[in-house]
Structures are given as structure tokens and as C-alpha cells.
$ cat final_28.cif   # mmCIF, C-alpha atoms
data_start
loop_
_atom_site.label_atom_id
_atom_site.label_comp_id
_atom_site.auth_asym_id
_atom_site.auth_seq_id
_atom_site.Cartn_x
_atom_site.Cartn_y
_atom_site.Cartn_z
CA MET A 177 0.00 0.00 0.00
CA ARG A 178 2.91 2.34 0.69
CA TRP A 179 4.17 2.15 -2.88
CA MET A 180 0.65 2.87 -4.12
CA ARG A 181 0.49 6.03 -2.01
CA LYS A 182 3.90 7.12 -3.33
CA ALA A 183 2.76 6.49 -6.88
CA SER A 184 -0.39 8.53 -6.24
CA CYS A 185 1.68 11.44 -4.86
CA ARG A 186 3.96 11.37 -7.91
CA LEU A 187 0.94 11.34 -10.21
CA ASP A 188 -0.52 14.37 -8.40
CA ALA A 189 2.81 16.21 -8.70
CA TRP A 190 2.91 15.35 -12.41
CA ARG A 191 -0.61 16.75 -12.91
CA LEU A 192 0.21 19.96 -11.02
CA ALA A 193 3.37 20.46 -13.08
CA ARG A 194 1.40 19.91 -16.28
CA VAL A 195 -1.25 22.45 -15.26
CA GLN A 196 1.47 24.99 -14.37
CA TRP A 197 3.18 24.40 -17.69
CA LYS A 198 -0.08 25.03 -19.56
CA GLU A 199 -0.65 28.26 -17.63
CA ASP A 200 2.89 29.46 -18.40
CA MET A 201 2.44 28.66 -22.09
CA ALA A 202 -0.89 30.51 -22.22
CA ARG A 203 0.65 33.55 -20.50
CA PHE A 204 3.63 33.46 -22.87
CA LYS A 205 1.40 33.31 -25.95
CA SER A 206 -0.76 36.20 -24.75
CA ASP A 207 2.34 38.33 -24.08
CA GLN A 208 3.72 37.54 -27.52
CA ALA A 209 0.41 38.40 -29.19
CA ALA A 210 0.14 41.69 -27.27
CA ALA A 211 3.70 42.65 -28.23
CA ARG A 212 3.11 41.89 -31.90
CA LYS A 213 -0.17 43.83 -31.85
CA ALA A 214 1.65 46.85 -30.39
CA GLY A 215 4.33 46.60 -33.08
CA LYS A 216 7.08 45.80 -30.58
CA VAL A 217 9.68 43.05 -30.47
CA PRO A 218 8.66 40.58 -27.73
CA GLU A 219 11.19 40.62 -24.92
CA ASN A 220 9.95 37.55 -23.07
CA PRO A 221 12.07 34.59 -24.23
CA GLY A 222 9.31 32.16 -23.31
CA PRO A 223 7.79 30.47 -20.31
CA PRO A 224 10.15 29.29 -17.58
CA PRO A 225 11.59 25.85 -18.36
CA THR A 226 10.13 22.90 -16.50
CA GLY A 227 10.80 19.20 -16.18
CA PHE A 228 8.94 18.62 -19.44
CA ALA A 229 11.97 20.01 -21.29
CA LEU A 230 14.09 17.05 -20.09
CA LEU A 231 11.51 14.27 -20.49
CA PRO A 232 12.25 13.53 -24.20
CA TRP A 233 15.76 12.41 -23.22
CA LEU A 234 14.22 9.34 -21.61
CA LEU A 235 14.07 7.96 -25.15
CA MET A 236 17.75 7.11 -24.68
CA GLY A 237 16.51 4.22 -22.55
CA MET A 238 14.45 2.74 -25.39
CA GLY A 239 17.30 0.34 -26.19
CA ALA A 240 17.13 -1.18 -22.72
CA PHE A 241 13.34 -1.25 -22.93
CA SER A 242 13.55 -3.07 -26.27
CA ASN A 243 16.00 -5.61 -24.86
CA ILE A 244 13.53 -6.51 -22.11
CA PHE A 245 10.68 -7.14 -24.56
CA GLN A 246 12.86 -9.06 -27.00
CA GLY A 247 14.03 -11.36 -24.25
CA GLU A 248 17.67 -10.32 -24.58
CA THR A 249 17.89 -9.28 -20.92
CA PRO A 250 18.54 -11.88 -18.24
CA ASN A 251 16.07 -11.68 -15.35
CA PRO A 252 13.70 -9.32 -17.24
CA LEU A 253 11.59 -8.76 -14.12
CA ILE A 254 14.57 -7.26 -12.29
CA GLY A 255 15.50 -5.26 -15.37
CA GLY A 256 11.94 -3.95 -15.73
CA LEU A 257 11.79 -2.93 -12.06
CA GLY A 258 15.17 -1.24 -12.40
CA LEU A 259 14.01 0.62 -15.52
CA LEU A 260 10.79 1.73 -13.78
CA THR A 261 12.71 2.85 -10.69
CA PHE A 262 15.23 4.83 -12.73
CA ASN A 263 12.54 6.56 -14.80
CA SER A 264 10.50 7.41 -11.69
CA LEU A 265 13.53 8.89 -9.93
CA TYR A 266 14.53 10.78 -13.07
CA ILE A 267 11.08 12.37 -13.42
CA TYR A 268 11.02 13.20 -9.71
CA VAL A 269 14.43 14.89 -9.83
CA VAL A 270 14.05 16.88 -13.05
CA PHE A 271 10.67 18.32 -12.06
CA ARG A 272 12.13 19.51 -8.76
CA ALA A 273 15.28 20.87 -10.42
CA PHE A 274 13.55 24.02 -11.70
CA VAL A 275 12.48 25.26 -8.27
CA LYS A 276 15.46 26.44 -6.19
CA GLU A 277 14.02 25.43 -2.81
CA LYS A 278 13.10 21.96 -4.04
CA ARG A 279 16.35 21.59 -5.98
CA GLU A 280 18.40 22.19 -2.85
CA ALA A 281 16.22 19.99 -0.63
CA ALA A 282 17.72 16.86 0.95
CA SER A 283 15.05 14.66 -0.64
CA THR A 284 16.14 15.73 -4.13
CA ARG A 285 19.80 15.01 -3.38
CA LEU A 286 18.85 11.62 -1.90
CA ALA A 287 16.84 10.78 -5.03
CA LEU A 288 19.89 11.70 -7.14
CA VAL A 289 22.11 9.40 -5.10
CA LEU A 290 19.58 6.57 -5.50
CA MET A 291 19.56 7.23 -9.25
CA ALA A 292 23.34 6.85 -9.30
CA ALA A 293 23.11 3.55 -7.36
CA VAL A 294 20.41 2.16 -9.69
CA THR A 295 22.37 3.28 -12.75
CA CYS A 296 25.54 1.56 -11.57
CA ALA A 297 23.65 -1.65 -10.71
CA LEU A 298 21.92 -1.81 -14.11
CA ALA A 299 25.10 -0.92 -16.02
CA ILE A 300 27.20 -3.54 -14.21
CA GLY A 301 24.48 -6.17 -14.44
CA TYR A 302 23.56 -5.74 -18.11
CA GLY A 303 26.01 -3.41 -19.93
CA GLY A 304 25.34 -2.53 -23.56
CA SER A 305 22.37 -0.19 -24.01
CA TRP A 306 21.99 0.05 -20.25
CA LEU A 307 25.17 2.11 -20.07
CA LEU A 308 23.29 4.99 -21.71
CA PHE A 309 21.63 5.63 -18.37
CA PHE A 310 24.85 7.37 -17.29
CA PRO A 311 24.31 10.34 -19.67
CA LEU A 312 20.71 10.49 -18.40
CA LEU A 313 22.07 10.56 -14.87
CA GLY A 314 24.35 13.38 -16.03
CA LEU A 315 21.33 15.35 -17.30
CA ALA A 316 19.58 15.03 -13.96
CA THR A 317 22.77 15.95 -12.11
CA GLY A 318 23.43 19.00 -14.27
CA ALA A 319 19.85 20.17 -13.76
CA THR A 320 20.10 19.76 -9.99
CA VAL A 321 23.65 20.60 -8.93
CA ARG A 322 24.71 24.24 -9.40
CA GLY A 323 27.45 26.46 -8.03
CA PRO A 324 30.94 25.50 -6.88
CA TRP A 325 30.12 21.80 -6.46
CA LEU A 326 29.16 21.35 -10.11
CA GLY A 327 32.71 20.82 -11.43
CA LYS A 328 33.70 18.28 -8.79
CA THR A 329 30.39 16.44 -9.08
CA GLY A 330 30.62 16.34 -12.89
CA LEU A 331 34.17 14.97 -12.84
CA ALA A 332 33.30 12.38 -10.20
CA LEU A 333 30.27 11.22 -12.17
CA THR A 334 32.33 11.08 -15.37
CA ALA A 335 34.99 8.98 -13.64
CA LEU A 336 32.32 6.64 -12.23
CA ALA A 337 30.72 6.22 -15.66
CA GLY A 338 34.13 5.55 -17.23
CA VAL A 339 35.14 2.91 -14.67
CA VAL A 340 31.83 1.04 -14.77
CA SER A 341 31.70 1.17 -18.57
CA ALA A 342 35.31 -0.03 -18.81
CA VAL A 343 34.50 -3.02 -16.64
CA ARG A 344 31.61 -3.98 -18.93
CA ASP A 345 32.56 -2.86 -22.45
CA GLY A 346 36.25 -1.94 -22.48
CA TRP A 347 37.18 0.93 -24.82
CA ASP A 348 33.58 1.94 -25.41
CA ALA A 349 33.78 3.45 -21.95
CA ILE A 350 35.35 6.57 -23.48
CA ASN A 351 32.13 7.41 -25.34
CA ILE A 352 29.98 6.83 -22.25
CA ALA A 353 32.29 8.93 -20.05
CA TYR A 354 32.40 11.74 -22.61
CA GLY A 355 28.62 11.70 -23.05
CA THR A 356 28.12 11.77 -19.29
CA PHE A 357 30.47 14.71 -18.82
CA LEU A 358 28.96 16.62 -21.74
CA SER A 359 25.36 16.09 -20.66
CA THR A 360 26.16 17.15 -17.09
CA MET A 361 28.05 20.33 -17.87
CA VAL A 362 26.01 21.51 -20.87
CA THR A 363 22.71 21.01 -19.05
CA ALA A 364 23.99 22.91 -16.01
CA ALA A 365 25.37 25.74 -18.19
CA ILE A 366 22.19 26.18 -20.22
CA LEU A 367 19.84 26.08 -17.23
CA SER A 368 22.08 28.37 -15.17
CA LEU A 369 22.24 30.89 -18.02
CA SER A 370 18.48 30.75 -18.50
CA GLU A 371 17.92 31.28 -14.79
CA ALA A 372 20.39 34.18 -14.70
CA VAL A 373 18.67 35.88 -17.65
CA ARG A 374 15.29 35.60 -15.97
CA GLU A 375 16.65 36.89 -12.67
CA LEU A 376 18.24 39.87 -14.45
CA ARG A 377 14.99 40.62 -16.24
CA ALA A 378 13.09 40.41 -12.96
CA ALA A 379 15.67 42.70 -11.33
CA ARG A 380 15.32 45.21 -14.16
CA GLU A 381 11.55 45.23 -13.79
CA GLU A 382 11.89 45.69 -10.03
CA LEU A 383 14.31 48.59 -10.53
CA ALA A 384 11.90 50.21 -12.97
CA ARG A 385 9.06 49.77 -10.48
CA GLN A 386 11.15 51.29 -7.69
CA ALA A 387 12.11 54.23 -9.92
CA VAL A 388 8.44 54.94 -10.61
CA GLU A 389 7.63 54.62 -6.92
CA LYS A 390 10.50 56.92 -5.99
CA GLU A 391 9.37 59.54 -8.50
CA ARG A 392 5.80 59.28 -7.25
CA LEU A 393 7.03 59.75 -3.67
CA ARG A 394 9.16 62.76 -4.70
CA PHE A 395 6.21 64.34 -6.46
CA SER A 396 3.84 63.78 -3.52
CA ARG A 397 6.39 65.25 -1.09
CA ASP A 398 6.98 68.28 -3.27
CA LEU A 399 3.25 68.90 -3.63
CA HIS A 400 2.76 68.57 0.10
CA ASP A 401 5.59 70.96 0.89
CA LEU A 402 4.65 73.45 -1.81
CA LEU A 403 0.88 73.54 -1.42
CA GLY A 404 0.88 73.27 2.36
CA HIS A 405 3.10 76.30 2.78
CA THR A 406 1.60 78.32 -0.06
CA LEU A 407 -2.00 77.82 1.03
CA SER A 408 -1.10 78.68 4.61
CA VAL A 409 0.52 81.95 3.47
CA ILE A 410 -2.47 82.78 1.27
CA VAL A 411 -4.89 82.14 4.14
CA VAL A 412 -2.85 84.24 6.56
CA LYS A 413 -2.47 87.15 4.14
CA SER A 414 -6.16 86.96 3.19
CA GLU A 415 -7.11 87.26 6.87
CA ALA A 416 -4.72 90.18 7.24
CA ALA A 417 -6.23 91.89 4.18
CA ARG A 418 -9.74 91.39 5.58
CA ARG A 419 -8.74 92.92 8.94
CA LEU A 420 -7.02 95.90 7.32
CA ALA A 421 -9.62 96.62 4.65
CA HIS A 422 -11.81 98.80 6.91
CA ARG A 423 -9.11 101.00 8.40
CA ASP A 424 -6.09 100.90 6.04
CA LEU A 425 -6.97 100.21 2.41
CA ASP A 426 -3.40 100.66 1.17
CA ALA A 427 -2.08 98.07 3.62
CA ALA A 428 -4.90 95.70 2.62
CA LEU A 429 -4.03 96.16 -1.07
CA THR A 430 -0.40 95.38 -0.22
CA GLN A 431 -1.52 92.07 1.30
CA VAL A 432 -3.66 91.32 -1.75
CA SER A 433 -0.65 92.02 -3.98
CA ASP A 434 1.40 89.60 -1.87
CA ILE A 435 -1.33 86.98 -2.31
CA GLU A 436 -1.15 87.41 -6.08
CA SER A 437 2.64 87.14 -6.01
CA VAL A 438 2.55 84.03 -3.83
CA GLY A 439 -0.03 82.42 -6.14
CA ARG A 440 2.03 83.08 -9.26
CA GLN A 441 5.17 81.77 -7.56
CA ALA A 442 3.25 78.67 -6.46
CA LEU A 443 2.22 77.96 -10.05
CA THR A 444 5.85 78.19 -11.16
CA GLU A 445 7.03 75.91 -8.37
CA ILE A 446 4.34 73.32 -9.10
CA ARG A 447 5.39 73.25 -12.76
CA GLU A 448 8.99 72.77 -11.65
CA ALA A 449 7.96 70.00 -9.26
CA VAL A 450 6.09 68.19 -12.03
CA THR A 451 9.11 68.29 -14.34
CA GLY A 452 11.53 67.40 -11.55
CA TYR A 453 13.55 70.61 -11.68
CA ARG A 454 12.38 72.09 -8.40
CA GLU A 455 15.32 73.51 -6.43
CA GLY A 456 14.85 75.40 -3.19
CA SER A 457 16.87 78.33 -1.94
CA LEU A 458 17.58 78.94 1.73
CA ALA A 459 17.79 82.72 1.33
CA THR A 460 14.49 82.82 -0.56
CA GLU A 461 12.76 80.62 1.99
CA LEU A 462 14.05 82.78 4.86
CA ASP A 463 12.59 85.87 3.21
CA ARG A 464 9.28 84.14 2.63
CA ALA A 465 9.23 82.79 6.16
CA ARG A 466 9.77 86.28 7.59
CA SER A 467 6.96 87.69 5.42
CA ALA A 468 4.51 84.90 6.29
CA LEU A 469 5.24 85.03 10.02
CA GLU A 470 4.88 88.82 10.12
CA ALA A 471 1.56 88.59 8.30
CA ALA A 472 0.39 86.11 10.93
CA GLY A 473 1.37 88.51 13.70
CA ILE A 474 4.36 86.46 14.87
CA GLU A 475 7.54 88.31 15.82
CA THR A 476 10.38 86.94 13.72
CA VAL A 477 14.13 86.71 14.39
CA VAL A 478 16.48 85.34 11.73
CA ARG A 479 20.16 84.65 12.42
CA GLN A 480 22.58 83.22 9.88
CA SER A 481 26.32 82.69 10.18
CA GLY A 482 29.04 80.43 8.84
CA PRO A 483 30.47 79.65 5.41
CA PRO A 484 28.37 79.56 2.22
CA LEU A 485 26.46 76.34 1.55
CA ALA A 486 26.36 74.02 -1.41
CA ALA A 487 23.21 74.21 -3.53
CA GLN A 488 21.84 70.85 -2.39
CA THR A 489 22.42 71.64 1.29
CA ALA A 490 20.78 75.06 0.96
CA ALA A 491 17.82 73.53 -0.88
CA LEU A 492 17.24 70.91 1.84
CA LEU A 493 17.46 73.48 4.62
CA GLY A 494 15.05 75.68 2.66
CA TRP A 495 12.53 72.85 2.68
CA VAL A 496 12.93 72.48 6.44
CA VAL A 497 12.37 76.23 6.99
CA ARG A 498 9.27 76.13 4.80
CA GLU A 499 7.73 73.15 6.62
CA ALA A 500 8.62 74.33 10.12
CA VAL A 501 7.26 77.84 9.51
CA THR A 502 4.07 76.44 7.96
CA ASN A 503 3.49 74.29 11.05
CA ALA A 504 4.19 77.26 13.33
CA ILE A 505 1.62 79.41 11.51
CA ARG A 506 -0.99 76.65 11.44
CA HIS A 507 -0.72 75.02 14.84
CA SER A 508 1.52 76.79 17.33
CA GLY A 509 -0.37 79.95 18.29
CA ALA A 510 3.09 81.44 18.87
CA ARG A 511 3.97 85.11 19.34
CA ARG A 512 7.67 84.78 18.52
CA CYS A 513 9.68 82.53 16.19
CA GLU A 514 13.47 82.32 15.93
CA ILE A 515 15.24 80.85 12.89
CA THR A 516 18.97 80.24 13.34
CA VAL A 517 21.47 78.91 10.78
CA THR A 518 25.01 78.23 12.04
CA GLY A 519 27.77 76.56 10.08
CA THR A 520 31.18 75.17 10.95
CA GLY A 521 33.91 73.79 8.75
CA GLU A 522 32.08 70.51 8.17
CA ARG A 523 28.40 70.75 9.15
CA VAL A 524 25.58 73.27 9.24
CA ARG A 525 22.82 73.40 11.84
CA LEU A 526 19.36 74.93 11.45
CA THR A 527 16.92 75.52 14.31
CA VAL A 528 13.38 76.86 14.13
CA ALA A 529 11.98 77.58 17.61
CA ASP A 530 8.69 79.18 18.61
CA ASP A 531 7.04 79.98 21.95
CA GLY A 532 3.71 78.43 21.08
CA ARG A 533 1.76 75.53 22.55
CA GLY A 534 4.37 72.91 21.55
CA VAL A 535 3.65 69.17 21.66
CA SER A 536 3.45 66.56 24.38
CA ALA A 537 5.94 64.21 22.77
CA GLU A 538 9.59 64.12 23.74
CA PRO A 539 12.19 65.43 21.30
CA SER A 540 13.06 62.85 18.70
CA PRO A 541 16.34 63.03 16.81
CA SER A 542 15.36 60.07 14.69
CA PRO A 543 13.93 60.89 11.29
CA ASP A 544 11.54 57.95 11.55
CA SER A 545 9.92 59.34 14.67
CA VAL A 546 9.61 62.98 13.62
CA GLY A 547 5.99 64.05 13.88
CA GLY A 548 3.92 64.99 10.89
CA THR A 549 3.95 63.72 7.31
CA GLY A 550 5.93 66.71 6.00
CA LEU A 551 8.65 66.59 8.65
CA LYS A 552 8.90 62.81 8.36
CA GLY A 553 9.46 63.05 4.62
CA LEU A 554 12.08 65.76 5.16
CA GLY A 555 13.76 63.55 7.77
CA GLU A 556 14.13 60.81 5.17
CA ARG A 557 15.59 63.28 2.68
CA LEU A 558 18.11 64.62 5.17
CA ALA A 559 19.09 61.12 6.29
CA ALA A 560 19.75 60.16 2.65
CA ALA A 561 22.05 63.23 2.38
CA GLY A 562 23.99 62.29 5.53
CA GLY A 563 22.11 64.60 7.86
CA SER A 564 19.45 64.36 10.54
CA LEU A 565 16.19 66.01 11.54
CA GLY A 566 14.68 66.24 15.01
CA SER A 567 11.58 67.87 16.47
CA GLY A 568 9.87 68.21 19.81
CA PRO A 569 9.27 70.57 22.75
CA GLY A 570 11.88 73.29 23.14
CA PRO A 571 13.92 73.68 26.34
CA ARG A 572 11.96 76.85 27.18
CA GLY A 573 8.61 75.59 25.93
CA GLY A 574 7.13 75.93 22.51
CA PHE A 575 8.22 73.73 19.61
CA LEU A 576 11.71 73.19 18.24
CA VAL A 577 12.81 71.80 14.86
CA THR A 578 16.51 71.01 14.41
CA ALA A 579 18.25 69.98 11.19
CA GLU A 580 21.91 69.12 10.54
CA LEU A 581 23.66 68.50 7.24
CA PRO A 582 27.19 68.31 5.83
CA ILE A 583 28.15 71.81 4.75
CA GLU A 584 29.84 70.86 1.44
CA THR A 585 31.24 74.32 0.70
CA SER A 586 32.43 75.26 -2.78
CA GLU A 587 34.48 78.12 -4.16
CA LEU A 588 31.57 79.44 -6.18
CA MET A 589 29.45 79.82 -3.09
CA HIS A 590 31.97 82.18 -1.51
CA GLU A 591 30.99 84.80 -4.09
CA SER A 592 27.36 84.82 -2.93
CA ALA A 593 25.71 87.56 -0.87
CA PRO A 594 26.73 88.01 2.77
CA PRO A 595 24.67 86.25 5.44
CA LEU A 596 21.47 87.83 6.65
CA PRO A 597 21.91 90.00 9.73
CA GLU A 598 19.83 89.48 12.83
CA THR A 599 16.48 91.17 12.42
CA ALA A 600 13.43 91.44 14.56
CA ALA A 601 9.96 92.19 13.38
#
$ encode --input "final_28.cif" --output "C-alpha cells"
Amino acid sequence: MRWMRKASCRLDAWRLARVQWKEDMARFKSDQAAARKAGKVPENPGPPPTGFALLPWLLMGMGAFSNIFQGETPNPLIGGLGLLTFNSLYIYVVFRAFVKEKREAASTRLALVLMAAVTCALAIGYGGSWLLFFPLLGLATGATVRGPWLGKTGLALTALAGVVSAVRDGWDAINIAYGTFLSTMVTAAILSLSEAVRELRAAREELARQAVEKERLRFSRDLHDLLGHTLSVIVVKSEAARRLAHRDLDAALTQVSDIESVGRQALTEIREAVTGYREGSLATELDRARSALEAAGIETVVRQSGPPLAAQTAALLGWVVREAVTNAIRHSGARRCEITVTGTGERVRLTVADDGRGVSAEPSPSPDSVGGTGLKGLGERLAAAGGSLGSGPGPRGGFLVTAELPIETSELMHESAPPLPETAA
């Protein structure tokens, strides 16, 4: 009964493999048809190879099968059982050889060793056509064994085939040994190359997917940073214009003019964000921050010192200023906000501190734990550039945002305008 259960399991595995093969073929044909319809050269080389690709080689055993039926084989019952056992093990091994986990499993290696034992027994017992099972054993070995052990295994199997064949048929052993070596190495080379090509294609598709995802993330971050700040400034200046309209029309018109300017600048920045050419400027963002904070009735102090900054560093710090000031206007209820930029020979430090309500969380220097979607995204950007971003309650209350980055000075930056002096609104 045990052998019947094993036979049933093998039959189920055969059926599953056949169904999978049909699905792969149908998918391959549909991809080819779609590519031809689009006028493109199909890139897919075909469905992944399966054990069906190695089944036709079992015809090499037809000579032994014919000998059994023609009565040329002593003890035909033993020969028939040996032939059935070899074929069953061969099918079992080659269908597992195309799945890495199954190929490297102990059961597959054990089946391969049993194949070698059956092959040697049949070759020594009968010789002649039965020696052709050694090249078949080489096919199964080449399909299963990969990596550094392939060469040693192939040579050992070739030597075994040569010795056994020499004992039975003398000089004909050279042909059997050569065929065994060739079938082992060529099968391994072809299947390894096919697997490498498919892995490279899968890696290329994954890289393309990640590039699209990265661009989508960049675009969403830029829109968040741009629109969040711009809309906050527009709301603040609109409220200021409404308050001033009754008693100071000129001042109200000035605020309306600022709203128009901010809106036009926002359109330009959104176009730049869409095309991927958006570059921030620390000096520009400091000026905008001062204007927005003053319009919201928040006293502003800006301090800047240290050497000039590289364009990328200034752009990243400009994003931090924009996000921190936007949060201060929206949520802090502060009366005073201090923005400080200090640079040394290697790093630059930016702090944005207000005296508002603050938050209940503890300061977090880790980018992953920085509160808010905008600050979290900026933390990831700064971390990728070798910097860090932290936020939390300030030492004297309120809310504090701290950013550090490598300064990366350049000679061209030394010709820029002098740093902003300390000002107070």
C-alpha cells in the first residue's frame, strides 16, 4: 500500500506540473500576441523551463526497454523494475530541479544518489544499451547541482561512468564517459544561463518599479511641501487683508498684492515640481518665512552665520524652513519665532523655535519618529544626504525643529551675498 500512495503522490505532482506548464504557455502566448499587436519586439524569451523540457531524453533508454521485450535481458523482471525505478527517480528529480528550494532539498539530493546507485547496478548487471543511463544521470545531475560543487560532481560522475563502462565494455567506456560529462556540464550551463537571464529581467523590472515609486514619492512630497506652505501663506495674508480693509486700504491692497505674487510663484514651483527641476533656496525661503510670520502677527528673528552652503544643502534646509514655519503658523499659536542657521567647517545646523503651545511628545532626533507627514518626509531626505532632523518641545517651551547637514562648501558659493543680519519684526 505504501508504494501505491507514493505512486499517487507522484501522479498528483505530475498533474500539477502539467497544469502549471499550460498556464505558463498561455501567459507566454498572450504576451507575444500583445507585443506583436503593439508593433514591438517581444522581450519575453518564453515560459520558464520545466521538467517537461528534459523528459524527451528518456528515449535514450528505449534500447534497454527493447531488450527486455525481446528477451535479450537476463532476469527481465529485475531489469523492468530497475528501468521503472530509474525513470521514476529521473522524473522526480528533473521536475524539482527548476524550483530552487526543491532543488536544494535533501530529498532531491537523496533521489539523485539513489539514481546513481540504480544506474551503476543496471550498467554492471547488463552493460550494452543500459550504459546509456549514465548520460541520463548526467542530465539530472546538471539540472540539480549548481554552483561551486558542479565541477567536482561532474568529474566524479564522469569517472564513475568511465570505470563502470570499462568493466563492462572496455574501450567503449570513453564514449559513455564523454557523453556523461557533456550532458552534465552543458545542461547545467544552459539552465544556469536561463535562470540568470530571468533573474536579471526580474531585477530590471523591479528597478523600474522602484524608480516609478521613488518619483511618485518625490512628487507627492513636493506637492505637500509646496501647497501646504503656499496655502497657509495665502490664508494668513487673506485674513490680514480682511482685517485691514476697513481702516487701512493701502495696507490691505499690499496684502492682496502679496497673495497674487505668492499664487504666481506657487504655479511656477508646481510646474517645476512636475518636471523634476524644483530647487529650493535657503535665502528665498528665509525671506518668505519672515513675510509669512509677520503677516500672521508672529515676531520673527532670523540669524545666519558660517560659510556659504552648497546648492543641495541650501535647498534641503530651505525645505525644512518652509515646513517648520508652515506648522508654526498653522498650529503653534506662537507670538515669537526664531530661525537660526550656524555653520562650521564641516556641518551646518538649522533651528526653528517658537514659543507656542508645543507638543506633548519628547524630542526625537530620529527621522523615523519625527511628527507629521511633511517633517517625516524631510527627515528621510536629510538622512539620505547624511544629515538628521529632530523635532519636539523646546527647552523653554514651545516647539523646536533642528536639522543638521554636511556643509559641502564650494568656491563658487563664496561669491554669494553676505549672510542675513539678525532682524526682529
$ atom_distance --input "final_28.cif" --atom1 "atom CA of Gly509 of chain A" --atom2 "atom CA of Ser408 of chain A"
13.8 Å
$ resolve_selection --input "final_28.cif" --expression "the PyMOL selection byres ((chain A and resi 472-482) around 9)" --output "PyMOL selection string"
chain A and resi 409+412-413+415-416+462+465-471+483-485+505+509-521+524+595-601
$ write_last_selection --input "final_28.cif" --atoms "C-alpha atoms" --output "short mmCIF file (atom, residue, chain, number, x, y, z; two decimals), in the frame of the given file"
data_model
loop_
_atom_site.label_atom_id
_atom_site.label_comp_id
_atom_site.auth_asym_id
_atom_site.auth_seq_id
_atom_site.Cartn_x
_atom_site.Cartn_y
_atom_site.Cartn_z
CA VAL A 409 0.52 81.95 3.47
CA VAL A 412 -2.85 84.24 6.56
CA LYS A 413 -2.47 87.15 4.14
CA GLU A 415 -7.11 87.26 6.87
CA ALA A 416 -4.72 90.18 7.24
CA LEU A 462 14.05 82.78 4.86
CA ALA A 465 9.23 82.79 6.16
CA ARG A 466 9.77 86.28 7.59
CA SER A 467 6.96 87.69 5.42
CA ALA A 468 4.51 84.90 6.29
CA LEU A 469 5.24 85.03 10.02
CA GLU A 470 4.88 88.82 10.12
CA ALA A 471 1.56 88.59 8.30
CA PRO A 483 30.47 79.65 5.41
CA PRO A 484 28.37 79.56 2.22
CA LEU A 485 26.46 76.34 1.55
CA ILE A 505 1.62 79.41 11.51
CA GLY A 509 -0.37 79.95 18.29
CA ALA A 510 3.09 81.44 18.87
CA ARG A 511 3.97 85.11 19.34
CA ARG A 512 7.67 84.78 18.52
CA CYS A 513 9.68 82.53 16.19
CA GLU A 514 13.47 82.32 15.93
CA ILE A 515 15.24 80.85 12.89
CA THR A 516 18.97 80.24 13.34
CA VAL A 517 21.47 78.91 10.78
CA THR A 518 25.01 78.23 12.04
CA GLY A 519 27.77 76.56 10.08
CA THR A 520 31.18 75.17 10.95
CA GLY A 521 33.91 73.79 8.75
CA VAL A 524 25.58 73.27 9.24
CA PRO A 595 24.67 86.25 5.44
CA LEU A 596 21.47 87.83 6.65
CA PRO A 597 21.91 90.00 9.73
CA GLU A 598 19.83 89.48 12.83
CA THR A 599 16.48 91.17 12.42
CA ALA A 600 13.43 91.44 14.56
CA ALA A 601 9.96 92.19 13.38
#
$ residues_around --input "final_28.cif" --residues "Thr334 of chain A" --least-positions-apart "4" --cutoff "7 Å" --atoms "only C-alpha atoms" --output "list in words"
Gly330, Gly338, Ala353, Thr356 and Phe357 of chain A
$ residues_around --input "final_28.cif" --residues "Gly239 of chain A" --least-positions-apart "5" --cutoff "12 Å" --atoms "only C-alpha atoms" --output "PyMOL selection string"
chain A and resi 234+244-246+248-249+259+302-309
$ closest_residue --input "final_28.cif" --among "A:Gly553, A:Gly573, A:Gly256, A:Gly494" --to "Asp531 of chain A" --atoms "all atoms listed in the file"
A:Gly573
$ resolve_selection --input "final_28.cif" --expression "the PyMOL selection byres ((chain A and resi 458) around 8)" --output "ChimeraX atom specification"
/A:456-457,459-462,490-491,493-495,497
